[in-house]
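J.: Sending over a structure as structure tokens; questions will come in a sec.
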Amino acid sequence: MFHTPVETRFAIVDRLLAHGGKPLGFPAAMDLCRHQASAGAEGDALRFAAQARKSVSGNAFWPAFTADDWRAFQSFCISQRLPAGHRVLIPGRVDRTLRFVVEGSLWQESATDASRTKALLPGTILGEDTLFSDTPADLDVRTLEDSLVLELSLPRQKELTASCPAIAFELLRATGAVIAARGRMTARHEELVTN
């Protein structure tokens with residue numbers, strides 16, 4: 001139909017390169033979202049990792065990341081400083097963002113599951129369910145004090161998967177471990193109540 005000889009296509013590329021231009025790269029190799037990440041927050045992921053290692057919470061996030069993995073992971077996250085009383089998650093809204101508590105503390109309440117009402121301290125994650133499902137959340141999460149969180153939205157998680165599949169797989173594995181631990185705690189609680 002619209003046939004362009006191969007020689008003409010190569011001539012266009014040669015002309016582009018001769019004038020200092022360069023051809024477009026493969027879309028997965030392009031920095032689609034990373035330009036929005038804050039430049040001064042390079043150490044936030046490493047601080048989160050140190051807090052997670054010390055945490056005994058069921059929501060503690062323990063991936064098998066190296067220091068370089070944490071730095072690569074940080075490049076896909078946005079650091080947010082949130083004031084006290086800020087609503088992070090609102091019940092009934094779809095929020096496809098995974099959050100990592102670096103500093104401060106948050107209060108999580110569930111309208112349907114009283115066992116999910118708790119404080120979230122540094123080293124813990126929230127939003128693990130909303131990352132895997134597009135159903136509205138039933139959690140109401142607010143900051144108790146000035147807090148710093150790393151946010152990984154669904155588009156950035158997809159970019160992470162395309163760019164660094166090993167890191168993305170470990171992220172999903174560790175997030176699934178948090179969900180599984182919560183399920184085991186709920187089952188134990190129900191067992192104690194029925195006995």
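Naming scheme: A, B, ... for chains in displayed order of the structure tokens; residues 1 onward per chain; ligands 1 onward as shown.
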Step one, run DSSP on the backbone; step two, keep only residues of range 13-182 of chain A assigned to strand (DSSP E or B); then write them as a PyMOL selection string.
T.: chain A and resi 60+78-82+87-89+97-103+106-110+118-120+124-126+139-143+147-153
J.: Which residues come within 10 Å of Ala50 in chain A, counting only C-alpha atoms, excluding same-chain residues fewer than 4 positions away, as an mmCIF file with N, CA, C and O atoms, in the first residue's frame?
T.:
```
data_model
loop_
_atom_site.group_PDB
_atom_site.id
_atom_site.type_symbol
_atom_site.label_atom_id
_atom_site.label_comp_id
_atom_site.auth_asym_id
_atom_site.auth_seq_id
_atom_site.Cartn_x
_atom_site.Cartn_y
_atom_site.Cartn_z
ATOM 1 N N ASP A 44 15.970 8.228 51.366
ATOM 2 C CA ASP A 44 14.717 7.853 52.022
ATOM 3 C C ASP A 44 14.472 6.352 51.973
ATOM 4 O O ASP A 44 14.008 5.759 52.950
ATOM 5 N N ALA A 45 14.773 5.722 50.861
ATOM 6 C CA ALA A 45 14.550 4.276 50.735
ATOM 7 C C ALA A 45 15.486 3.503 51.658
ATOM 8 O O ALA A 45 15.073 2.517 52.279
ATOM 9 N N LEU A 46 16.717 3.958 51.780
ATOM 10 C CA LEU A 46 17.653 3.278 52.677
ATOM 11 C C LEU A 46 17.252 3.482 54.136
ATOM 12 O O LEU A 46 17.390 2.573 54.955
ATOM 13 N N LYS A 54 14.179 -3.199 61.721
ATOM 14 C CA LYS A 54 13.946 -3.131 63.164
ATOM 15 C C LYS A 54 12.495 -3.396 63.542
ATOM 16 O O LYS A 54 12.207 -3.683 64.693
ATOM 17 N N SER A 55 11.585 -3.300 62.595
ATOM 18 C CA SER A 55 10.159 -3.394 62.891
ATOM 19 C C SER A 55 9.718 -4.827 63.190
ATOM 20 O O SER A 55 10.197 -5.774 62.578
ATOM 21 N N VAL A 102 8.356 6.092 56.163
ATOM 22 C CA VAL A 102 9.771 6.321 56.455
ATOM 23 C C VAL A 102 9.930 6.968 57.825
ATOM 24 O O VAL A 102 10.760 6.553 58.629
ATOM 25 N N PRO A 122 7.247 3.605 61.289
ATOM 26 C CA PRO A 122 8.269 3.525 60.243
ATOM 27 C C PRO A 122 8.688 2.080 59.962
ATOM 28 O O PRO A 122 8.832 1.265 60.863
ATOM 29 N N GLY A 123 8.849 1.777 58.675
ATOM 30 C CA GLY A 123 9.222 0.431 58.244
ATOM 31 C C GLY A 123 8.037 -0.384 57.777
ATOM 32 O O GLY A 123 8.208 -1.512 57.323
#
```
J.: With only C-alpha atoms as the counted atoms, please give the residues lying no more than 10 Å from Trp62 in chain A, apart from itself and same-chain residues fewer than 6 positions off, as a ChimeraX atom specification.
T.: /A:49,52-53,55,123-124,170-171,173-175,177-178
J.: Residues of range 51-191 of chain A classed as alpha helix (DSSP H) by DSSP on the backbone are to be reported as a ChimeraX atom specification.
T.: /A:51-54,67-74,128-132,154-163,165-191
J.: Dump as a Markdown table the rows for residues of range 31-116 of chain A within 8 Å of range 125-137 of chain A: closest atom pair and distance in Å with one decimal, only C-alpha atoms counted, ordered by chain and rising residue number.
T.:
```
| residue | atom | partner | partner_atom | distance |
| --- | --- | --- | --- | --- |
| A:Asn59 | CA | A:Ile125 | CA | 5.8 |
| A:Ala60 | CA | A:Ile125 | CA | 6.5 |
| A:Phe61 | CA | A:Ile125 | CA | 6.3 |
| A:Leu89 | CA | A:Ala137 | CA | 7.8 |
| A:Ile90 | CA | A:Ala137 | CA | 7.3 |
| A:Pro91 | CA | A:Ala137 | CA | 5.3 |
| A:Gly92 | CA | A:Pro136 | CA | 4.8 |
| A:Arg93 | CA | A:Pro136 | CA | 4.8 |
| A:Val94 | CA | A:Pro136 | CA | 4.4 |
| A:Asp95 | CA | A:Thr130 | CA | 6.2 |
| A:Arg96 | CA | A:Leu131 | CA | 4.8 |
| A:Thr97 | CA | A:Leu131 | CA | 5.8 |
| A:Leu98 | CA | A:Gly127 | CA | 4.8 |
| A:Arg99 | CA | A:Leu126 | CA | 5.3 |
| A:Phe100 | CA | A:Ile125 | CA | 4.5 |
| A:Val101 | CA | A:Ile125 | CA | 6.1 |
```
J.: Next, dump the selected residues to file, keeping only C-alpha atoms, as a short mmCIF file (atom, residue, chain, number, x, y, z; two decimals), in the first residue's frame.
T.:
```
data_model
loop_
_atom_site.label_atom_id
_atom_site.label_comp_id
_atom_site.auth_asym_id
_atom_site.auth_seq_id
_atom_site.Cartn_x
_atom_site.Cartn_y
_atom_site.Cartn_z
CA ASN A 59 2.92 -4.74 58.08
CA ALA A 60 6.73 -4.57 58.07
CA PHE A 61 8.14 -4.78 54.55
CA LEU A 89 -6.58 6.82 52.36
CA ILE A 90 -10.30 7.61 52.26
CA PRO A 91 -12.87 4.78 52.50
CA GLY A 92 -14.83 4.20 49.31
CA ARG A 93 -12.16 5.65 47.00
CA VAL A 94 -9.96 3.74 44.59
CA ASP A 95 -6.32 4.54 45.31
CA ARG A 96 -3.83 2.33 43.45
CA THR A 97 -0.77 3.49 45.41
CA LEU A 98 1.54 1.52 47.69
CA ARG A 99 2.98 3.64 50.51
CA PHE A 100 6.06 3.06 52.67
CA VAL A 101 6.27 4.83 56.04
#
```
